[in-house]
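Participant: Data: start.txt, compact mmCIF, C-alpha atoms.
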```txt
# COMPACT_ATOMS: atom_id res chain seq x y z
CA MET A 1 -16.71 -10.77 28.37
CA LYS A 2 -14.10 -10.10 25.66
CA ILE A 3 -12.61 -11.76 22.62
CA ASN A 4 -8.91 -12.62 22.65
CA SER A 5 -6.68 -9.53 22.53
CA ASP A 6 -4.53 -11.15 19.82
CA THR A 7 -7.41 -11.59 17.38
CA LEU A 8 -6.90 -8.61 15.09
CA GLN A 9 -3.10 -8.85 15.16
CA PHE A 10 -3.25 -12.53 14.28
CA PHE A 11 -5.40 -11.93 11.21
CA ASN A 12 -3.30 -8.96 10.09
CA GLU A 13 -0.27 -11.26 10.12
CA LEU A 14 -2.17 -14.11 8.49
CA LEU A 15 -3.15 -11.78 5.63
CA VAL A 16 0.49 -11.61 4.50
CA ASN A 17 1.45 -15.13 5.61
CA ASN A 18 -1.47 -17.19 4.37
CA ASN A 19 0.30 -20.51 4.17
CA ARG A 20 0.36 -23.74 6.15
CA ASP A 21 3.90 -23.32 7.50
CA TRP A 22 3.13 -19.98 9.11
CA PHE A 23 -0.21 -21.18 10.40
CA ASN A 24 1.25 -24.31 11.96
CA GLU A 25 3.95 -22.26 13.67
CA ASN A 26 1.27 -19.98 15.09
CA LYS A 27 -1.31 -22.69 15.83
CA PRO A 28 -1.25 -22.06 19.63
CA ARG A 29 -2.27 -18.44 19.00
CA TRP A 30 -5.15 -19.57 16.80
CA THR A 31 -6.29 -22.16 19.34
CA ALA A 32 -6.47 -19.52 22.07
CA ILE A 33 -8.36 -17.10 19.80
CA GLN A 34 -10.81 -19.81 18.76
CA SER A 35 -11.41 -20.95 22.35
CA ASP A 36 -12.16 -17.43 23.57
CA PHE A 37 -14.43 -16.79 20.59
CA LEU A 38 -16.39 -19.96 21.33
CA ASP A 39 -16.95 -18.76 24.90
CA PHE A 40 -17.98 -15.33 23.60
CA THR A 41 -20.41 -16.91 21.13
CA GLN A 42 -21.97 -19.14 23.78
CA ALA A 43 -22.59 -16.12 25.99
CA LEU A 44 -24.29 -14.40 23.04
CA ILE A 45 -26.49 -17.45 22.43
CA ASP A 46 -27.51 -17.52 26.08
CA ALA A 47 -28.39 -13.81 25.99
CA MET A 48 -30.34 -13.94 22.71
CA THR A 49 -32.33 -17.15 23.22
CA PRO A 50 -34.95 -15.61 25.56
CA LEU A 51 -35.64 -13.03 22.83
CA ASP A 52 -35.62 -15.40 19.85
CA PRO A 53 -36.74 -18.89 20.99
CA GLY A 54 -35.64 -20.38 17.68
CA LEU A 55 -32.07 -20.27 18.99
CA HIS A 56 -32.73 -22.49 22.00
CA ASN A 57 -31.02 -25.65 20.72
CA LEU A 58 -27.77 -23.99 19.70
CA GLN A 59 -24.28 -24.55 21.04
CA ALA A 60 -21.33 -22.35 20.15
CA LYS A 61 -19.43 -25.14 18.40
CA GLN A 62 -22.31 -25.40 15.91
CA CYS A 63 -22.24 -21.69 15.18
CA VAL A 64 -18.55 -20.81 14.80
CA TYR A 65 -17.16 -21.32 11.31
CA ARG A 66 -13.95 -23.17 10.50
CA ILE A 67 -10.92 -21.11 9.49
CA TYR A 68 -10.21 -23.36 6.50
CA ARG A 69 -11.39 -22.02 3.16
CA ASP A 70 -13.27 -24.22 0.68
CA LEU A 71 -10.87 -24.36 -2.27
CA ARG A 72 -12.89 -26.64 -4.53
CA PHE A 73 -14.59 -24.00 -6.67
CA THR A 74 -12.23 -21.03 -6.59
CA THR A 75 -8.99 -19.95 -8.22
CA ASP A 76 -8.00 -18.27 -4.94
CA LYS A 77 -6.04 -21.02 -3.22
CA ARG A 78 -5.22 -19.27 0.05
CA PRO A 79 -5.88 -22.00 2.63
CA TYR A 80 -7.22 -19.84 5.48
CA LYS A 81 -9.91 -17.25 6.03
CA THR A 82 -8.62 -13.99 7.46
CA HIS A 83 -11.47 -13.68 9.94
CA ILE A 84 -13.34 -15.62 12.59
CA ALA A 85 -17.13 -15.66 12.48
CA CYS A 86 -20.27 -17.06 14.02
CA PHE A 87 -23.84 -17.37 12.82
CA LEU A 88 -26.72 -18.02 15.20
CA TYR A 89 -29.35 -19.57 12.95
CA SER A 90 -32.94 -19.78 13.98
CA GLY A 91 -34.29 -23.29 14.35
CA GLY A 92 -31.00 -24.81 15.47
CA ASP A 93 -30.26 -26.66 12.22
CA ARG A 94 -27.25 -25.36 10.31
CA THR A 95 -28.22 -27.38 7.23
CA VAL A 96 -31.43 -25.35 6.82
CA CYS A 97 -31.22 -21.90 5.25
CA SER A 98 -32.80 -19.50 7.72
CA PRO A 99 -32.61 -16.02 9.24
CA GLY A 100 -30.06 -15.52 11.98
CA TYR A 101 -27.44 -13.29 13.61
CA TYR A 102 -23.93 -12.92 12.21
CA MET A 103 -20.61 -11.64 13.58
CA GLN A 104 -17.26 -11.52 11.76
CA VAL A 105 -13.98 -10.27 13.24
CA GLY A 106 -10.72 -9.85 11.36
CA VAL A 107 -9.35 -8.41 8.13
CA ALA A 108 -11.65 -7.36 5.27
CA ASP A 109 -12.89 -10.68 3.90
CA TYR A 110 -15.93 -12.20 2.18
CA GLY A 111 -17.11 -8.74 1.10
CA LEU A 112 -17.20 -7.31 4.62
CA GLN A 113 -15.05 -4.61 6.22
CA SER A 114 -12.00 -4.96 8.45
CA GLY A 115 -12.64 -5.05 12.18
CA CYS A 116 -16.05 -6.34 13.19
CA SER A 117 -19.08 -6.63 10.90
CA LEU A 118 -22.32 -7.89 12.37
CA GLY A 119 -26.03 -7.96 11.80
CA GLY A 120 -29.05 -10.13 11.24
CA GLY A 121 -31.78 -10.93 8.78
CA PHE A 122 -31.66 -13.46 5.96
CA PHE A 123 -28.88 -13.91 3.39
CA MET A 124 -29.40 -16.11 0.33
CA PRO A 125 -32.96 -17.37 0.91
CA SER A 126 -34.17 -20.02 -1.52
CA ALA A 127 -36.52 -19.00 -4.32
CA LYS A 128 -39.53 -20.29 -2.36
CA GLN A 129 -38.39 -18.56 0.82
CA LEU A 130 -37.80 -15.27 -1.00
CA ALA A 131 -41.24 -15.50 -2.59
CA ALA A 132 -42.80 -16.06 0.84
CA ILE A 133 -40.91 -13.09 2.31
CA ARG A 134 -42.06 -10.80 -0.48
CA GLN A 135 -45.64 -11.96 -0.04
CA GLU A 136 -45.47 -11.28 3.71
CA ILE A 137 -44.09 -7.79 3.07
CA PHE A 138 -46.83 -7.13 0.52
CA TYR A 139 -49.60 -8.22 2.89
CA CYS A 140 -48.07 -6.72 6.05
CA THR A 141 -46.46 -3.62 4.61
CA ASN A 142 -47.17 -1.29 7.51
CA GLU A 143 -45.70 -3.75 10.00
CA PHE A 144 -42.57 -4.17 7.89
CA LYS A 145 -42.12 -0.43 7.44
CA ALA A 146 -42.61 0.11 11.17
CA ILE A 147 -39.76 -2.34 11.86
CA MET A 148 -37.44 -0.37 9.58
CA ALA A 149 -38.57 2.91 11.11
CA GLU A 150 -37.60 1.94 14.67
CA PRO A 151 -34.90 4.35 15.95
CA SER A 152 -32.53 1.53 16.94
CA TYR A 153 -32.94 -0.13 13.55
CA LYS A 154 -32.29 3.11 11.66
CA LYS A 155 -29.31 3.92 13.89
CA TYR A 156 -27.43 0.76 12.93
CA PHE A 157 -28.80 -0.21 9.52
CA GLY A 158 -30.32 2.86 7.87
CA ASP A 159 -32.83 2.08 5.14
CA GLN A 160 -30.77 -0.35 3.06
CA PHE A 161 -30.21 -4.09 3.20
CA TYR A 162 -26.92 -5.89 2.63
CA SER A 163 -27.83 -7.74 -0.55
CA ARG A 164 -26.22 -9.51 -3.49
CA LYS A 165 -28.56 -7.83 -5.93
CA ILE A 166 -31.43 -5.36 -6.21
CA LEU A 167 -33.96 -5.94 -8.96
CA THR A 168 -34.53 -3.12 -11.44
CA ARG A 169 -38.14 -4.19 -12.03
CA PRO A 170 -40.80 -5.46 -9.61
CA PRO A 171 -40.85 -9.23 -8.98
CA LYS A 172 -43.25 -11.12 -11.18
CA GLY A 173 -46.83 -10.86 -9.96
CA TYR A 174 -46.52 -7.50 -8.21
CA PRO A 175 -47.82 -4.20 -9.62
CA ALA A 176 -45.16 -1.72 -10.73
CA ASP A 177 -47.28 1.19 -9.50
CA TRP A 178 -47.56 -0.11 -5.92
CA PRO A 179 -46.10 2.70 -3.74
CA ASP A 180 -43.84 0.38 -1.72
CA VAL A 181 -42.72 -1.86 -4.56
CA ASP A 182 -39.04 -1.09 -3.86
CA LEU A 183 -39.32 -3.11 -0.65
CA LEU A 184 -39.79 -6.22 -2.78
CA LYS A 185 -36.76 -5.74 -5.04
CA TRP A 186 -34.11 -7.03 -2.64
CA THR A 187 -32.76 -10.56 -3.08
CA ASP A 188 -31.47 -10.64 0.51
CA TYR A 189 -33.00 -9.05 3.60
CA THR A 190 -29.80 -8.80 5.62
CA THR A 191 -28.87 -6.12 8.13
CA MET A 192 -25.19 -5.24 8.50
CA TYR A 193 -23.27 -2.86 10.73
CA ASP A 194 -19.54 -2.17 11.04
CA MET A 195 -18.47 -1.90 14.67
CA PRO A 196 -15.95 0.88 15.43
CA GLU A 197 -12.53 -0.73 15.80
CA LYS A 198 -11.89 0.99 19.14
CA VAL A 199 -14.65 -1.17 20.67
CA ILE A 200 -13.58 -4.57 19.34
CA LEU A 201 -10.95 -5.55 21.90
CA THR A 202 -12.69 -4.00 24.90
CA ASP A 203 -15.21 -5.41 27.35
CA ARG A 204 -17.80 -3.15 25.69
CA LEU A 205 -17.98 -5.41 22.64
CA PHE A 206 -20.39 -7.96 24.10
CA ASP A 207 -23.04 -5.36 25.01
CA GLN A 208 -22.58 -3.59 21.69
CA VAL A 209 -23.09 -6.80 19.72
CA LEU A 210 -26.27 -7.48 21.67
CA LYS A 211 -27.55 -3.97 20.95
CA VAL A 212 -27.04 -4.44 17.22
CA TRP A 213 -28.57 -7.91 17.16
CA LYS A 214 -31.54 -6.75 19.24
CA ALA A 215 -32.09 -3.95 16.72
CA SER A 216 -32.41 -6.65 14.04
CA LEU A 217 -34.60 -8.92 16.18
CA PRO A 218 -38.02 -7.64 14.95
CA LEU A 219 -36.91 -8.12 11.34
CA ASN A 220 -35.66 -11.62 12.09
CA LEU A 221 -38.95 -12.59 13.75
CA PHE A 222 -40.88 -11.17 10.78
CA LEU A 223 -38.77 -13.20 8.35
CA GLU A 224 -39.02 -16.36 10.46
CA ARG A 225 -42.80 -16.03 10.40
CA ALA A 226 -42.81 -15.45 6.63
CA ILE A 227 -40.94 -18.68 5.84
CA GLU A 228 -42.52 -20.87 8.48
CA GLY A 229 -43.03 -24.34 7.01
CA ILE A 230 -40.65 -23.74 4.09
CA HIS A 231 -37.35 -25.60 4.56
CA GLU A 232 -34.93 -25.81 1.62
```
Show me this structure written as structure tokens.
Facilitator:
Amino acid sequence: MKINSDTLQFFNELLVNNNRDWFNENKPRWTAIQSDFLDFTQALIDAMTPLDPGLHNLQAKQCVYRIYRDLRFTTDKRPYKTHIACFLYSGGDRTVCSPGYYMQVGVADYGLQSGCSLGGGFFMPSAKQLAAIRQEIFYCTNEFKAIMAEPSYKKYFGDQFYSRKILTRPPKGYPADWPDVDLLKWTDYTTMYDMPEKVILTDRLFDQVLKVWKASLPLNLFLERAIEGIHE
């Protein structure tokens, strides 16, 4: 199972030709890339669902993002993203903010590196969800630390989360002298790993993506449990 061999070349060209004329001329290339990526994503869903039952209702077409950028609230008017991406969200409802598994392939975009960036966890939880996650970490600290200490987790993600912000002080309601207070200072609990470019266009990519996502699986299940019943 591989992604389309033209994927990286297409986005490298799109980076310097980000306009509708070029895109329309190269639309058949994009259609082939998108079709292969949908097949790749569906195979990932089928492989991950037995491990994370929250994925069981998903279809690839729900999980792969559109290439068109949202231009309503930005001064950057380039019409197209320079990557293709999927997000397998637990619970099967894309309208609900939840933990999940992410993969992005293309040129450096949306704050991620060129090539292939992937991981899991929870990006941009709501205030109530973040409060519930912090409470779960506080009450189940040893379990949370054991997840982060797993060799496969440390291999891919180290001891940091991919996060928009890290608080300088403990969240309200938590003691500053608690030994593990730094675990509560993240605003996102997202794992992220940059796949070596030599792997991206080979048939090794599928297994490598699964290895990275499986390394994030215990964290995802912990987060899913923490926010159970909170949907916003």
Participant: Between atom CA of A:Lys172 and atom CA of A:Gln129, what distance in Å does the model show, to one decimal?
Facilitator: 14.9 Å
Participant: Distance table requested - stretch 62-135 of chain A against stretch 31-49 of chain A, cut-off 10 Å, all atoms listed in the file: one row per qualifying residue with the closest atom pair and its distance in Å to one decimal, ordered by chain and rising residue number, as a tab-separated table.
Facilitator:
```
residue	atom	partner	partner_atom	distance
A:Gln62	CA	A:Leu38	CA	9.7
A:Cys63	CA	A:Thr41	CA	7.8
A:Val64	CA	A:Leu38	CA	6.9
A:Tyr65	CA	A:Gln34	CA	9.9
A:Arg66	CA	A:Gln34	CA	9.5
A:Ile67	CA	A:Gln34	CA	9.4
A:Ile84	CA	A:Gln34	CA	7.9
A:Ala85	CA	A:Phe37	CA	8.6
A:Cys86	CA	A:Thr41	CA	7.1
A:Phe87	CA	A:Thr41	CA	9.0
A:Leu88	CA	A:Ile45	CA	7.3
A:Ser90	CA	A:Thr49	CA	9.6
A:Tyr101	CA	A:Met48	CA	9.6
A:Met103	CA	A:Thr41	CA	9.2
A:Val105	CA	A:Phe37	CA	9.8
```
Participant: Restricting the calculation to only C-alpha atoms: of A:Leu184, A:Leu205, A:Ala60, A:Gln104, which residue gets closest to A:Tyr139?
Facilitator: A:Leu184
Participant: So which one's closest to A:Ser163, A:Asp52, A:Asp194, A:Asp109, A:Asp188? Using only C-alpha atoms, please.
Facilitator: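 Of all the options, A:Asp188 lies closest to A:Ser163.
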Participant: To one decimal place, how far is atom CA of A:Ile166 from atom CA of A:Thr75 in Å?
Facilitator: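 Taking atom CA of A:Ile166 and atom CA of A:Thr75, their separation equals 26.8 Å.
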Participant: Quick one: residues within 12 Å of A:Gly54, all atoms listed in the file, excluding same-chain residues fewer than 6 positions away - as a ChimeraX atom specification?
Facilitator: /A:45,48,88-93,98-101,217,220-221,224-225,228
Participant: Could you write those residues out with C-alpha atoms, as an mmCIF file, in the coordinates of the input?
Facilitator:
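Result file follows (out-v6.cif):
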```cif
data_model
loop_
_atom_site.group_PDB
_atom_site.id
_atom_site.type_symbol
_atom_site.label_atom_id
_atom_site.label_comp_id
_atom_site.auth_asym_id
_atom_site.auth_seq_id
_atom_site.Cartn_x
_atom_site.Cartn_y
_atom_site.Cartn_z
ATOM 1 C CA ILE A 45 -26.490 -17.450 22.430
ATOM 2 C CA MET A 48 -30.340 -13.940 22.710
ATOM 3 C CA LEU A 88 -26.720 -18.020 15.200
ATOM 4 C CA TYR A 89 -29.350 -19.570 12.950
ATOM 5 C CA SER A 90 -32.940 -19.780 13.980
ATOM 6 C CA GLY A 91 -34.290 -23.290 14.350
ATOM 7 C CA GLY A 92 -31.000 -24.810 15.470
ATOM 8 C CA ASP A 93 -30.260 -26.660 12.220
ATOM 9 C CA SER A 98 -32.800 -19.500 7.720
ATOM 10 C CA PRO A 99 -32.610 -16.020 9.240
ATOM 11 C CA GLY A 100 -30.060 -15.520 11.980
ATOM 12 C CA TYR A 101 -27.440 -13.290 13.610
ATOM 13 C CA LEU A 217 -34.600 -8.920 16.180
ATOM 14 C CA ASN A 220 -35.660 -11.620 12.090
ATOM 15 C CA LEU A 221 -38.950 -12.590 13.750
ATOM 16 C CA GLU A 224 -39.020 -16.360 10.460
ATOM 17 C CA ARG A 225 -42.800 -16.030 10.400
ATOM 18 C CA GLU A 228 -42.520 -20.870 8.480
#
```
